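Source file structure32.txt; content: compact mmCIF, C-alpha atoms and all ligand atoms.
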```txt
# COMPACT_ATOMS: atom_id res chain seq x y z
CA MET A 1 0.00 0.00 0.00
CA PRO A 2 1.48 3.39 -0.94
CA ARG A 3 2.27 5.83 1.88
CA ASP A 4 -0.10 8.73 2.55
CA GLY A 5 0.10 11.53 0.04
CA THR A 6 1.93 9.55 -2.65
CA THR A 7 0.88 9.46 -6.28
CA VAL A 8 0.40 6.09 -7.97
CA THR A 9 0.49 5.87 -11.76
CA ALA A 10 -1.30 3.45 -14.07
CA ASP A 11 -2.54 3.12 -17.63
CA VAL A 12 -6.07 2.61 -16.33
CA ALA A 13 -7.62 3.34 -12.94
CA VAL A 14 -10.78 1.38 -12.24
CA ILE A 15 -12.97 2.88 -9.52
CA GLY A 16 -14.83 0.04 -7.83
CA GLY A 17 -13.58 -3.42 -6.91
CA GLY A 18 -16.95 -5.18 -7.00
CA VAL A 19 -17.59 -7.85 -9.58
CA THR A 20 -18.00 -5.31 -12.41
CA GLY A 21 -14.85 -3.28 -11.78
CA ALA A 22 -12.84 -6.39 -10.95
CA ALA A 23 -13.92 -8.20 -14.14
CA ILE A 24 -12.99 -5.18 -16.27
CA ALA A 25 -9.66 -4.75 -14.48
CA TYR A 26 -8.88 -8.44 -15.02
CA GLY A 27 -9.69 -8.10 -18.73
CA LEU A 28 -7.53 -4.99 -19.10
CA LEU A 29 -4.60 -6.75 -17.43
CA ARG A 30 -5.01 -9.63 -19.89
CA ARG A 31 -4.55 -7.00 -22.59
CA GLY A 32 -1.28 -5.84 -21.08
CA ARG A 33 -2.48 -2.65 -19.43
CA ARG A 34 -1.10 -1.47 -16.06
CA VAL A 35 -4.21 -1.35 -13.90
CA VAL A 36 -5.01 0.04 -10.47
CA VAL A 37 -8.34 -0.75 -8.80
CA LEU A 38 -9.55 1.73 -6.19
CA ASP A 39 -12.16 0.41 -3.83
CA GLU A 40 -13.62 1.48 -0.53
CA GLY A 41 -12.72 -1.97 0.74
CA ASP A 42 -15.74 -1.76 2.94
CA LYS A 43 -17.42 -4.55 4.78
CA ALA A 44 -20.81 -3.21 3.68
CA PHE A 45 -23.01 -5.70 1.92
CA ARG A 46 -22.49 -4.45 -1.62
CA ALA A 47 -24.31 -6.12 -4.49
CA SER A 48 -21.29 -8.25 -5.39
CA ARG A 49 -21.40 -9.94 -1.99
CA GLY A 50 -25.18 -10.37 -1.78
CA ASN A 51 -26.62 -11.81 -4.96
CA GLY A 52 -28.10 -15.01 -6.34
CA GLY A 53 -25.20 -16.01 -8.59
CA LEU A 54 -27.39 -16.62 -11.63
CA VAL A 55 -26.00 -16.26 -15.12
CA TRP A 56 -29.43 -15.71 -16.59
CA VAL A 57 -30.45 -14.85 -20.13
CA GLN A 58 -34.12 -15.65 -20.58
CA ASN A 59 -35.48 -12.62 -18.69
CA LYS A 60 -33.04 -10.10 -20.15
CA GLY A 61 -34.01 -7.48 -22.70
CA LEU A 62 -37.73 -7.77 -23.33
CA GLY A 63 -38.25 -4.82 -25.70
CA CYS A 64 -34.48 -4.19 -25.90
CA PRO A 65 -32.86 -6.83 -28.15
CA SER A 66 -29.41 -5.26 -27.66
CA TYR A 67 -29.59 -6.20 -24.00
CA THR A 68 -30.72 -9.73 -24.82
CA ARG A 69 -27.75 -10.06 -27.20
CA LEU A 70 -25.34 -8.74 -24.57
CA SER A 71 -26.60 -11.24 -21.98
CA LEU A 72 -26.54 -14.09 -24.49
CA ARG A 73 -23.02 -13.17 -25.56
CA SER A 74 -21.89 -13.16 -21.93
CA SER A 75 -23.51 -16.53 -21.25
CA LEU A 76 -21.68 -17.98 -24.27
CA LEU A 77 -18.38 -16.56 -22.97
CA TRP A 78 -18.86 -17.82 -19.42
CA THR A 79 -17.30 -21.29 -19.85
CA ARG A 80 -14.06 -19.82 -21.22
CA PHE A 81 -14.12 -17.04 -18.65
CA ALA A 82 -14.49 -19.48 -15.73
CA ARG A 83 -11.72 -21.71 -17.10
CA ASP A 84 -9.28 -18.81 -17.66
CA LEU A 85 -10.09 -17.35 -14.27
CA GLN A 86 -9.37 -20.67 -12.59
CA GLN A 87 -6.02 -20.84 -14.38
CA ASP A 88 -5.16 -17.32 -13.22
CA SER A 89 -6.49 -17.54 -9.67
CA GLY A 90 -6.55 -21.22 -8.73
CA ILE A 91 -10.21 -20.77 -7.75
CA ASP A 92 -13.06 -22.75 -9.29
CA VAL A 93 -16.06 -20.41 -9.42
CA ALA A 94 -18.41 -23.39 -9.85
CA TYR A 95 -19.97 -22.17 -13.06
CA GLU A 96 -22.48 -24.56 -14.59
CA ARG A 97 -24.82 -23.99 -17.49
CA ARG A 98 -27.56 -26.47 -16.66
CA GLY A 99 -30.35 -24.50 -18.32
CA GLY A 100 -33.00 -22.54 -16.47
CA LEU A 101 -36.73 -22.56 -15.75
CA GLN A 102 -39.11 -19.69 -15.05
CA CYS A 103 -42.29 -21.33 -13.78
CA CYS A 104 -45.88 -20.13 -14.34
CA LEU A 105 -48.54 -20.75 -11.70
CA SER A 106 -51.67 -19.98 -13.76
CA GLU A 107 -52.84 -20.10 -17.37
CA ALA A 108 -52.86 -16.29 -17.45
CA GLU A 109 -49.22 -16.19 -16.32
CA ALA A 110 -48.35 -18.82 -18.91
CA ASP A 111 -50.02 -16.78 -21.69
CA THR A 112 -48.14 -13.63 -20.67
CA ARG A 113 -44.85 -15.47 -20.46
CA ALA A 114 -45.43 -17.20 -23.83
CA ALA A 115 -46.03 -13.80 -25.46
CA GLN A 116 -42.77 -12.49 -23.96
CA VAL A 117 -40.87 -15.53 -25.19
CA ARG A 118 -42.31 -15.07 -28.69
CA GLN A 119 -41.28 -11.40 -28.70
CA MET A 120 -37.73 -12.13 -27.53
CA THR A 121 -37.15 -15.05 -29.88
CA ALA A 122 -38.59 -13.11 -32.84
CA ALA A 123 -36.02 -10.40 -32.14
CA CYS A 124 -33.00 -12.58 -31.36
CA SER A 125 -33.37 -16.16 -32.64
CA ALA A 126 -31.08 -15.23 -35.56
CA ASP A 127 -28.45 -14.48 -32.88
CA GLY A 128 -28.86 -17.99 -31.49
CA LEU A 129 -31.27 -17.17 -28.65
CA ASP A 130 -33.07 -20.31 -27.49
CA ILE A 131 -36.04 -19.90 -25.13
CA ARG A 132 -39.20 -21.98 -25.34
CA MET A 133 -42.31 -22.72 -23.36
CA ILE A 134 -42.55 -26.25 -21.99
CA ALA A 135 -45.44 -28.26 -20.55
CA PRO A 136 -45.65 -29.88 -17.08
CA ASP A 137 -44.48 -33.33 -18.25
CA GLU A 138 -41.28 -31.93 -19.68
CA ILE A 139 -40.78 -29.69 -16.65
CA ARG A 140 -41.06 -32.73 -14.36
CA SER A 141 -38.63 -34.72 -16.47
CA MET A 142 -36.13 -31.93 -15.74
CA GLU A 143 -37.11 -31.39 -12.10
CA PRO A 144 -39.24 -34.20 -10.57
CA GLN A 145 -39.92 -32.19 -7.39
CA ILE A 146 -41.90 -29.48 -9.21
CA GLY A 147 -45.26 -28.89 -7.52
CA PRO A 148 -48.72 -29.47 -9.05
CA ASP A 149 -49.42 -25.70 -9.18
CA VAL A 150 -46.89 -25.25 -11.98
CA VAL A 151 -48.84 -25.22 -15.26
CA ALA A 152 -46.03 -24.25 -17.65
CA ALA A 153 -42.53 -22.83 -17.71
CA SER A 154 -40.16 -21.10 -20.04
CA TYR A 155 -36.88 -22.92 -20.48
CA SER A 156 -33.56 -21.72 -21.83
CA PRO A 157 -30.39 -23.81 -22.18
CA HIS A 158 -28.31 -20.61 -21.89
CA ASP A 159 -29.07 -20.13 -18.21
CA GLY A 160 -26.62 -21.15 -15.53
CA ALA A 161 -25.10 -20.11 -12.22
CA ALA A 162 -21.79 -19.58 -10.47
CA ASP A 163 -20.71 -19.04 -6.89
CA PRO A 164 -20.64 -15.23 -6.63
CA ILE A 165 -18.36 -15.02 -3.59
CA ARG A 166 -15.81 -17.32 -5.17
CA LEU A 167 -16.12 -15.23 -8.33
CA LEU A 168 -15.21 -12.04 -6.49
CA ARG A 169 -12.31 -13.74 -4.71
CA ALA A 170 -11.07 -15.27 -7.96
CA LEU A 171 -11.17 -11.94 -9.78
CA HIS A 172 -9.23 -10.20 -7.02
CA ALA A 173 -6.65 -13.01 -6.93
CA ALA A 174 -6.31 -12.94 -10.72
CA ILE A 175 -5.84 -9.16 -10.73
CA LEU A 176 -3.04 -9.41 -8.18
CA GLY A 177 -1.57 -12.44 -9.96
CA ARG A 178 -1.33 -10.49 -13.21
CA GLY A 179 0.43 -7.58 -11.54
CA GLY A 180 -2.57 -5.32 -10.98
CA ARG A 181 -3.00 -3.38 -7.77
CA ILE A 182 -6.08 -3.17 -5.57
CA LEU A 183 -5.89 -0.08 -3.38
CA SER A 184 -8.56 -0.33 -0.71
CA GLY A 185 -9.25 2.68 1.44
CA PRO A 186 -11.20 5.92 1.36
CA ALA A 187 -13.58 6.68 -1.50
CA VAL A 188 -12.34 8.45 -4.62
CA GLU A 189 -13.63 12.00 -4.19
CA ALA A 190 -12.72 13.64 -7.47
CA ILE A 191 -11.43 12.91 -10.96
CA GLU A 192 -9.56 15.91 -12.31
CA PRO A 193 -7.93 16.60 -15.68
CA ALA A 194 -4.15 16.28 -15.40
CA GLY A 195 -3.29 18.61 -18.26
CA ASP A 196 -1.72 16.08 -20.63
CA GLY A 197 -5.00 14.36 -21.46
CA SER A 198 -4.67 12.03 -18.49
CA HIS A 199 -6.54 12.14 -15.18
CA MET A 200 -5.76 12.61 -11.52
CA LEU A 201 -7.95 10.73 -9.05
CA ARG A 202 -8.05 12.14 -5.57
CA ARG A 203 -8.87 10.36 -2.39
CA ARG A 204 -8.09 11.36 1.17
CA ASP A 205 -4.87 9.36 1.44
CA MET A 206 -3.41 9.41 -2.08
CA ARG A 207 -3.66 10.43 -5.71
CA VAL A 208 -3.66 8.19 -8.75
CA ALA A 209 -2.57 9.43 -12.18
CA ALA A 210 -4.02 7.41 -15.05
CA GLY A 211 -4.44 7.71 -18.79
CA GLN A 212 -7.92 6.20 -18.66
CA VAL A 213 -10.50 5.90 -15.90
CA VAL A 214 -13.34 3.41 -15.60
CA ILE A 215 -16.13 4.29 -13.17
CA ALA A 216 -17.43 0.88 -12.08
CA ALA A 217 -18.47 2.04 -8.64
CA GLY A 218 -21.96 0.52 -8.46
CA ASN A 219 -24.27 2.90 -6.64
CA GLY A 220 -21.26 5.15 -6.00
CA ALA A 221 -21.33 6.10 -9.70
CA ARG A 222 -24.03 8.70 -9.16
CA ALA A 223 -21.85 10.85 -6.89
CA LEU A 224 -18.79 10.47 -9.13
CA GLY A 225 -20.88 11.47 -12.15
CA GLY A 226 -22.01 14.52 -10.19
CA THR A 227 -18.40 15.66 -9.72
CA LEU A 228 -17.99 15.48 -13.52
CA GLY A 229 -21.30 17.17 -14.29
CA VAL A 230 -22.74 14.07 -15.95
CA ALA A 231 -25.91 12.22 -14.96
CA LEU A 232 -25.24 8.61 -13.94
CA PRO A 233 -28.71 7.96 -12.54
CA VAL A 234 -28.19 4.72 -10.62
CA ARG A 235 -30.27 4.07 -7.54
CA PRO A 236 -30.04 1.42 -4.83
CA GLN A 237 -32.86 -1.11 -5.12
CA LYS A 238 -32.98 -3.47 -2.19
CA GLY A 239 -33.35 -7.22 -2.61
CA GLN A 240 -33.77 -9.79 0.16
CA ALA A 241 -33.43 -13.56 -0.02
CA ILE A 242 -33.58 -16.57 2.28
CA ILE A 243 -31.02 -19.36 2.56
CA THR A 244 -32.23 -22.81 3.58
CA GLU A 245 -30.43 -25.71 5.15
CA ARG A 246 -28.53 -28.03 2.80
CA PHE A 247 -30.25 -30.66 0.72
CA GLY A 248 -28.59 -33.62 -0.94
CA GLY A 249 -29.04 -34.34 -4.62
CA HIS A 250 -28.37 -32.09 -7.47
CA GLN A 251 -30.80 -29.63 -9.03
CA LYS A 252 -30.79 -30.76 -12.66
CA VAL A 253 -31.91 -27.41 -13.97
CA PHE A 254 -31.73 -24.01 -12.26
CA ILE A 255 -35.01 -22.40 -11.23
CA ILE A 256 -35.18 -18.65 -10.86
CA LYS A 257 -35.72 -17.64 -7.22
CA ALA A 258 -35.17 -21.27 -6.11
CA ARG A 259 -31.58 -22.01 -6.97
CA GLN A 260 -29.60 -24.70 -5.21
CA THR A 261 -26.02 -23.69 -4.51
CA ILE A 262 -23.05 -25.96 -5.05
CA ASP A 263 -23.07 -26.62 -1.28
CA GLY A 264 -26.70 -27.79 -1.35
CA HIS A 265 -28.43 -24.72 0.14
CA PHE A 266 -31.42 -23.21 -1.63
CA ILE A 267 -31.55 -19.44 -2.21
CA LEU A 268 -35.24 -18.58 -2.16
CA GLY A 269 -37.09 -15.51 -3.33
CA SER A 270 -35.65 -12.10 -4.00
CA SER A 271 -37.69 -9.04 -3.15
CA ILE A 272 -37.71 -5.75 -5.06
CA GLU A 273 -37.82 -2.74 -2.74
CA GLU A 274 -37.44 0.92 -3.65
CA ASP A 275 -36.45 3.69 -1.21
CA ALA A 276 -35.32 1.21 1.45
CA ALA A 277 -33.62 3.08 4.28
CA ASP A 278 -31.39 0.20 5.35
CA LEU A 279 -30.42 -3.39 4.67
CA GLY A 280 -32.43 -4.94 7.49
CA THR A 281 -34.34 -8.10 6.61
CA ASP A 282 -38.09 -8.28 6.95
CA LEU A 283 -40.34 -11.24 6.12
CA GLY A 284 -43.12 -8.83 5.13
CA TYR A 285 -41.16 -8.10 1.96
CA VAL A 286 -39.40 -11.33 1.16
CA GLY A 287 -42.31 -13.52 2.33
CA PRO A 288 -44.58 -13.22 -0.75
CA SER A 289 -41.73 -14.04 -3.09
CA VAL A 290 -40.77 -17.08 -1.00
CA ALA A 291 -44.42 -18.20 -0.73
CA ARG A 292 -44.55 -18.32 -4.51
CA THR A 293 -41.32 -20.30 -4.64
CA LEU A 294 -42.74 -22.85 -2.18
CA ARG A 295 -45.61 -23.53 -4.59
CA ILE A 296 -42.99 -24.29 -7.23
CA LEU A 297 -40.91 -26.59 -5.00
CA PRO A 298 -43.30 -27.73 -2.22
CA PHE A 299 -40.73 -30.08 -0.68
CA LEU A 300 -39.03 -26.95 0.69
CA GLN A 301 -42.07 -26.11 2.89
CA ASN A 302 -40.40 -27.62 5.93
CA ALA A 303 -36.87 -26.55 5.14
CA ARG A 304 -35.02 -24.87 7.98
CA VAL A 305 -34.09 -21.27 7.26
CA LEU A 306 -30.43 -20.65 8.03
CA ARG A 307 -30.35 -16.93 7.36
CA THR A 308 -31.80 -14.07 5.41
CA TRP A 309 -29.79 -11.36 3.72
CA ALA A 310 -30.32 -8.17 1.81
CA ALA A 311 -28.25 -6.10 -0.60
CA TYR A 312 -28.74 -3.15 -2.92
CA ARG A 313 -29.02 -3.73 -6.65
CA VAL A 314 -27.51 -1.07 -8.88
CA MET A 315 -30.56 0.03 -10.86
CA THR A 316 -30.99 2.54 -13.69
CA PRO A 317 -34.26 4.23 -14.78
CA ASP A 318 -34.67 1.88 -17.77
CA SER A 319 -33.01 -1.05 -15.93
CA PHE A 320 -30.33 -1.40 -18.62
CA PRO A 321 -26.57 -1.02 -18.06
CA ILE A 322 -24.60 2.18 -18.54
CA TYR A 323 -21.41 1.83 -20.58
CA GLY A 324 -19.13 3.88 -22.71
CA PRO A 325 -17.08 7.03 -22.63
CA ILE A 326 -18.42 10.19 -21.07
CA ALA A 327 -18.71 12.56 -24.02
CA THR A 328 -17.67 15.62 -22.03
CA ALA A 329 -14.75 13.90 -20.26
CA PRO A 330 -12.60 12.05 -22.82
CA GLY A 331 -10.83 9.02 -21.38
CA ILE A 332 -13.38 8.45 -18.63
CA HIS A 333 -15.67 5.46 -19.11
CA VAL A 334 -18.60 4.09 -17.16
CA ALA A 335 -19.64 0.50 -16.51
CA THR A 336 -22.57 -0.25 -14.28
CA CYS A 337 -25.37 -2.80 -14.47
CA HIS A 338 -27.88 -4.73 -12.39
CA SER A 339 -26.82 -8.20 -13.58
CA GLY A 340 -23.13 -8.15 -12.87
CA ILE A 341 -22.78 -11.92 -12.49
CA THR A 342 -24.50 -12.64 -15.81
CA LEU A 343 -22.42 -9.99 -17.54
CA ALA A 344 -19.10 -10.74 -15.80
CA ALA A 345 -17.78 -12.75 -18.75
CA PHE A 346 -18.61 -9.94 -21.17
CA HIS A 347 -16.99 -7.44 -18.80
CA ALA A 348 -13.79 -9.48 -18.59
CA LEU A 349 -13.41 -10.75 -22.15
CA ASP A 350 -15.13 -8.30 -24.53
CA LEU A 351 -15.60 -4.92 -22.87
CA PRO A 352 -11.88 -4.28 -22.20
CA GLY A 353 -11.20 -4.49 -25.96
CA ILE A 354 -13.89 -1.87 -26.54
CA LEU A 355 -12.37 0.36 -23.82
CA THR A 356 -8.92 0.16 -25.38
CA GLY A 357 -10.28 0.82 -28.87
CA ASP A 358 -9.25 -2.63 -30.14
CA ALA A 359 -12.82 -3.83 -30.72
CA PRO A 360 -15.88 -2.13 -32.21
CA ALA A 361 -18.21 -0.47 -29.72
CA ASP A 362 -21.43 -1.72 -31.36
CA PRO A 363 -22.45 -4.04 -28.46
CA ILE A 364 -22.62 -1.08 -26.06
CA ALA A 365 -23.90 1.58 -28.47
CA GLN A 366 -27.40 1.53 -26.95
CA PHE A 367 -26.18 1.91 -23.39
CA LEU A 368 -24.33 5.22 -23.41
CA THR A 369 -24.86 7.92 -20.78
CA THR A 370 -26.26 10.24 -23.46
CA ARG A 371 -29.60 8.39 -23.41
CA PHE A 372 -30.37 10.04 -20.07
CA GLU A 373 -29.67 13.51 -21.49
CA GLU A 374 -32.01 12.71 -24.39
CA ALA A 375 -34.69 11.57 -21.93
CA ALA A 376 -34.34 14.68 -19.73
C1 LIG B 401 -30.59 -9.62 -3.92
C2 LIG B 401 -29.77 -9.53 -5.19
C3 LIG B 401 -29.72 -10.63 -6.05
C4 LIG B 401 -28.99 -10.55 -7.24
N1 LIG B 401 -28.92 -11.65 -8.04
C5 LIG B 401 -28.20 -11.59 -9.19
C6 LIG B 401 -28.07 -12.75 -10.01
O1 LIG B 401 -28.57 -13.83 -9.68
N2 LIG B 401 -27.37 -12.63 -11.18
C7 LIG B 401 -26.80 -11.44 -11.57
O2 LIG B 401 -26.22 -11.38 -12.66
N3 LIG B 401 -26.86 -10.35 -10.78
C8 LIG B 401 -27.54 -10.40 -9.60
N4 LIG B 401 -27.60 -9.30 -8.79
C9 LIG B 401 -26.93 -8.07 -9.22
C10 LIG B 401 -25.42 -8.12 -9.01
O3 LIG B 401 -25.14 -8.49 -7.69
C11 LIG B 401 -24.85 -6.74 -9.33
O4 LIG B 401 -25.17 -6.40 -10.66
C12 LIG B 401 -23.35 -6.68 -9.19
O5 LIG B 401 -22.92 -7.19 -7.97
C13 LIG B 401 -22.91 -5.23 -9.32
O6 LIG B 401 -21.54 -5.20 -9.07
P1 LIG B 401 -20.78 -3.82 -9.09
O7 LIG B 401 -19.34 -4.15 -8.98
O8 LIG B 401 -21.23 -3.03 -10.27
O9 LIG B 401 -21.33 -3.04 -7.81
P2 LIG B 401 -21.00 -3.25 -6.24
O10 LIG B 401 -20.96 -4.66 -5.87
O11 LIG B 401 -21.96 -2.37 -5.52
O12 LIG B 401 -19.53 -2.70 -6.08
C14 LIG B 401 -19.23 -1.35 -6.26
C15 LIG B 401 -17.89 -1.10 -5.57
O13 LIG B 401 -17.52 0.25 -5.84
C16 LIG B 401 -16.90 0.77 -4.68
N5 LIG B 401 -17.07 2.22 -4.70
C17 LIG B 401 -18.22 2.92 -4.78
N6 LIG B 401 -17.97 4.25 -4.79
C18 LIG B 401 -16.61 4.37 -4.74
C19 LIG B 401 -15.73 5.48 -4.72
N7 LIG B 401 -16.17 6.75 -4.80
N8 LIG B 401 -14.40 5.25 -4.63
C20 LIG B 401 -13.92 3.98 -4.57
N9 LIG B 401 -14.72 2.88 -4.58
C21 LIG B 401 -16.05 3.09 -4.67
C22 LIG B 401 -17.59 0.10 -3.50
O14 LIG B 401 -16.70 0.03 -2.41
C23 LIG B 401 -17.94 -1.27 -4.06
O15 LIG B 401 -17.01 -2.25 -3.68
C24 LIG B 401 -28.31 -9.35 -7.58
C25 LIG B 401 -28.33 -8.27 -6.70
C26 LIG B 401 -29.05 -8.35 -5.51
C27 LIG B 401 -29.04 -7.19 -4.59
```
Could you take the file, read its structure, and then write that structure out as C-alpha cells?
Amino acid sequence: MPRDGTTVTADVAVIGGGVTGAAIAYGLLRRGRRVVVLDEGDKAFRASRGNGGLVWVQNKGLGCPSYTRLSLRSSLLWTRFARDLQQDSGIDVAYERRGGLQCCLSEAEADTRAAQVRQMTAACSADGLDIRMIAPDEIRSMEPQIGPDVVAASYSPHDGAADPIRLLRALHAAILGRGGRILSGPAVEAIEPAGDGSHMLRRRDMRVAAGQVVIAAGNGARALGGTLGVALPVRPQKGQAIITERFGGHQKVFIIKARQTIDGHFILGSSIEEDAADLGTDLGYVGPSVARTLRILPFLQNARVLRTWAAYRVMTPDSFPIYGPIATAPGIHVATCHSGITLAAFHALDLPGILTGDAPADPIAQFLTTRFEEAA
C-alpha cells in the first residue's frame, strides 16, 4: 500500500472493486495494461457480496434486443471465462450452465410469459437465442420435485449459475496475480484533468494518475458522475433472499428464485424494494416471493431457514446497463449494471477491448450515458 500523500500511476484506474470493476480490471490486465483498482474496501453488503449467482439470459431485454444479445453473448463466454479465471487464480467459481426454468402458476401467467418468449425469440433467434415454453411433463422430467401448481414454464439452455463469492475472490486473486494493484481505502472524491489528457484521481490518502479511468463504482457512480457534471442515474434497489439448510441431490436445472447452490443450500425468493432506508431483513417483503417459490418446490415447505440477507441492486431508470465514454470527459468510461454476475464474462473478455479501442463499440452503443440527457 502506498504511503499517505503519494501518487500512484497506471494506464487505467478502475474505480470500484466489486464484480463489475474487478472483471474489467482483469480483462484490461489480460490486454497488457497497467491497472489500479480503487475500492472502498468496505465490509458493507455491496451487491457483489449479496446476490443469487445466476447467469441468466431468458429474462433479459424484453423490448431491448441489444440487452438480450449482450446477456446471451456473456452466457456464451462464461465457460471460457471461468476456465481462464481458474487458471489465473486457482479458484473454481463453480460455473455450470444447466439451463433454467421460469415457472408459471396460472394459465394467465403462462399466456403472458409465452407472449414475452415469442417477442424475444422473434427479435434474437437469428443471434442464437433459445427460449421456449414447456409443458408440465417436460418440466417434471427436468425437475421431478416441481409442484402441481406449476402449469407451464419457459426454459432456456443458456441459463446457468456460479458461486458469486468465489467469483469475487477469484477476480481479485487474478488481478493481483497479473500484476494489478487493488488499493482499498477511502472513496475516490474527485477525478480531475491532469493537463496532458490524463486524469488525476483524488482520495483522502493518495492520488492516482491514469491515462484512462473506468467508473465501475456501483451505486457510488451517481456521486462520481455529479463531480464530472454528468448524470449517472443509478439508484439502490434493495433485494432480500432466504437461505435454507442443505439438501442432498443435485438440481438438474436451475429455477429462478429457487436455486440450489453448489453446497446444497437453496436461495429462495428475491424481493424488489425501492427507497429502502437500510439493509435490514423483513419477512413482510421477502415472504410473498418465498411463498410463490414454495408452490414451485413444495418439498421446501419444511426446510429450515439458516439466514436471510439483503443487498442493494444497482438500478438505472430503464433497468439497462450504462457503458461507454463520457462525451464531455474524454478518457473516462462508465460501466454499471444490475446483472453483474451474468455480464461478468462480457466485462472481462469483450468490454476491455472496446475500452482500449481494439474492438468495435457496437455491443454497447445503446447503453451510453447520453440516453439520459435525451430523456431529460
Ligand atoms: C438480492 C440480489 C440478487 C442478485 N442476483 C443476481 C443474479 O442472480 N445474477 C446477476 O447477474 N446479478 C444479480 N444481482 C446483481 C449483481 O449483484 C450486481 O449487478 C453486481 O454485484 C454489481 O456489481 P458492481 O461491482 O457493479 O457493484 P458493487 O458490488 O456495488 O460494487 C461497487 C464497488 O464500488 C466501490 N465504490 C463505490 N464508490 C466508490 C468510490 N467513490 N471510490 C472507490 N470505490 C467506490 C464500492 O466500495 C464497491 O465495492 C443481484 C443483486 C441483488 C441485490
### Message
Around ligand LIG 401 (chain B), which protein and nucleic acid residues have at least one atom no more than 7 Å from it, if we count all atoms listed in the file? List them as a PyMOL selection string.
### Response
chain A and resi 15-21+38-42+46-56+186-189+216-221+224+238-241+270+310-314+336-343
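The list of residues with at least one atom within 12 Å of Gly128 (chain A), based on only C-alpha atoms and without residues fewer than 4 positions apart in the same chain, reads Val57, Thr68, Arg69, Ser71, Leu72, Arg73, Ser75, Leu76, Met120, Thr121, Ala122, Ala123, Cys124, Ser156, Pro157 and His158 of chain A.
One distance worth recording is that between CA of Arg132 (chain A) and CA of Lys60 (chain A), which is 14.4 Å.
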### Task
With all atoms listed in the file counted, which protein, DNA or RNA residues have an atom no more than 10 Å from (-39.2, -12.8, -4.0) in the file frame? Please answer as a PyMOL selection string.
chain A and resi 239-242+256-258+268-272+285-293
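Here CA of Leu351 (chain A) is placed at a distance of 19.8 Å from CA of Met315 (chain A).
Taking CA of Gln251 (chain A) and CA of Arg304 (chain A) as endpoints, the distance between them is 18.2 Å.
Residue nearest Ile364 (chain A) within the list A:Ile267, A:Ala115, A:Ile322, A:Leu294: A:Ile322 [criterion: smallest interatomic distance, all atoms listed in the file].
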Please list as a PDB file with C-alpha atoms, in the coordinates of the input every residue within 8 Å of Ile243 (chain A), counting all atoms listed in the file and excluding residues in the same chain fewer than 2 positions away.
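Generated output (out-v3.pdb):
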```pdb
ATOM      1  CA  ALA A 241     -33.430 -13.560  -0.020  1.00  0.00           C
ATOM      2  CA  GLU A 245     -30.430 -25.710   5.150  1.00  0.00           C
ATOM      3  CA  HIS A 265     -28.430 -24.720   0.140  1.00  0.00           C
ATOM      4  CA  PHE A 266     -31.420 -23.210  -1.630  1.00  0.00           C
ATOM      5  CA  ILE A 267     -31.550 -19.440  -2.210  1.00  0.00           C
ATOM      6  CA  LEU A 268     -35.240 -18.580  -2.160  1.00  0.00           C
ATOM      7  CA  VAL A 305     -34.090 -21.270   7.260  1.00  0.00           C
ATOM      8  CA  LEU A 306     -30.430 -20.650   8.030  1.00  0.00           C
ATOM      9  CA  ARG A 307     -30.350 -16.930   7.360  1.00  0.00           C
ATOM     10  CA  THR A 308     -31.800 -14.070   5.410  1.00  0.00           C
TER      11      THR A 308
END
```
Any idea what's packed within 12 Å of Asp362 (chain A), counting only C-alpha atoms, ignoring anything in its chain fewer than 3 positions away? Could you give it as an mmCIF file with C-alpha atoms, in the coordinates of the input?
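And here's out_0.cif as it stands now:
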```
data_model
loop_
_atom_site.group_PDB
_atom_site.id
_atom_site.type_symbol
_atom_site.label_atom_id
_atom_site.label_comp_id
_atom_site.auth_asym_id
_atom_site.auth_seq_id
_atom_site.Cartn_x
_atom_site.Cartn_y
_atom_site.Cartn_z
ATOM 1 C CA SER A 66 -29.410 -5.260 -27.660
ATOM 2 C CA TYR A 67 -29.590 -6.200 -24.000
ATOM 3 C CA ARG A 69 -27.750 -10.060 -27.200
ATOM 4 C CA LEU A 70 -25.340 -8.740 -24.570
ATOM 5 C CA TYR A 323 -21.410 1.830 -20.580
ATOM 6 C CA GLY A 324 -19.130 3.880 -22.710
ATOM 7 C CA ASP A 350 -15.130 -8.300 -24.530
ATOM 8 C CA LEU A 351 -15.600 -4.920 -22.870
ATOM 9 C CA GLY A 353 -11.200 -4.490 -25.960
ATOM 10 C CA ILE A 354 -13.890 -1.870 -26.540
ATOM 11 C CA LEU A 355 -12.370 0.360 -23.820
ATOM 12 C CA GLY A 357 -10.280 0.820 -28.870
ATOM 13 C CA ALA A 359 -12.820 -3.830 -30.720
ATOM 14 C CA ALA A 365 -23.900 1.580 -28.470
ATOM 15 C CA GLN A 366 -27.400 1.530 -26.950
ATOM 16 C CA PHE A 367 -26.180 1.910 -23.390
ATOM 17 C CA LEU A 368 -24.330 5.220 -23.410
#
```
To test the calculation: enclose all listed atoms of region 187-191 of chain A in a box whose edges run along x, y and z, add 8 Å on each side, then state centre and edge lengths in Å to one decimal, as lines of an AutoDock Vina configuration file.
```
center_x = -12.5
center_y = 10.2
center_z = -6.2
size_x = 18.2
size_y = 23.0
size_z = 25.5
```
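With all atoms listed in the file as the atoms that count, the residue of A:Leu29, A:Thr244, A:Phe254, A:Thr328 with the shortest distance to Trp309 (chain A) is A:Thr244.
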## Note on the structure
Of A:Leu297, A:Leu183, A:Leu85, A:Ala114, the one sitting nearest Ala344 (chain A) when using all atoms listed in the file is A:Leu85
### Query
Between A:Phe346, A:Phe372, A:Tyr95, A:Tyr26, which has the minimum distance to Val234 (chain A) (counting all atoms listed in the file)?
A:Phe372
### Task
Extract, using all atoms listed in the file, all DNA, RNA and protein residues at most 12 Å from Met142 (chain A), discarding same-chain residues fewer than 3 positions from it, and format them as a PyMOL selection string.
chain A and resi 98-101+134-139+145-146+153+155+157+250-255
#### Entry: Distance query Thr370 (chain A) at most 10 Å, all atoms listed in the file, self and fewer than 6 positions along chain excluded, as number ranges by chain
A: 230-232, 322, 324-327, 376
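Residue nearest Met206 (chain A), chosen from A:Thr9, A:Asp275, A:Ala162, A:Leu62 and counting only C-alpha atoms: A:Thr9.
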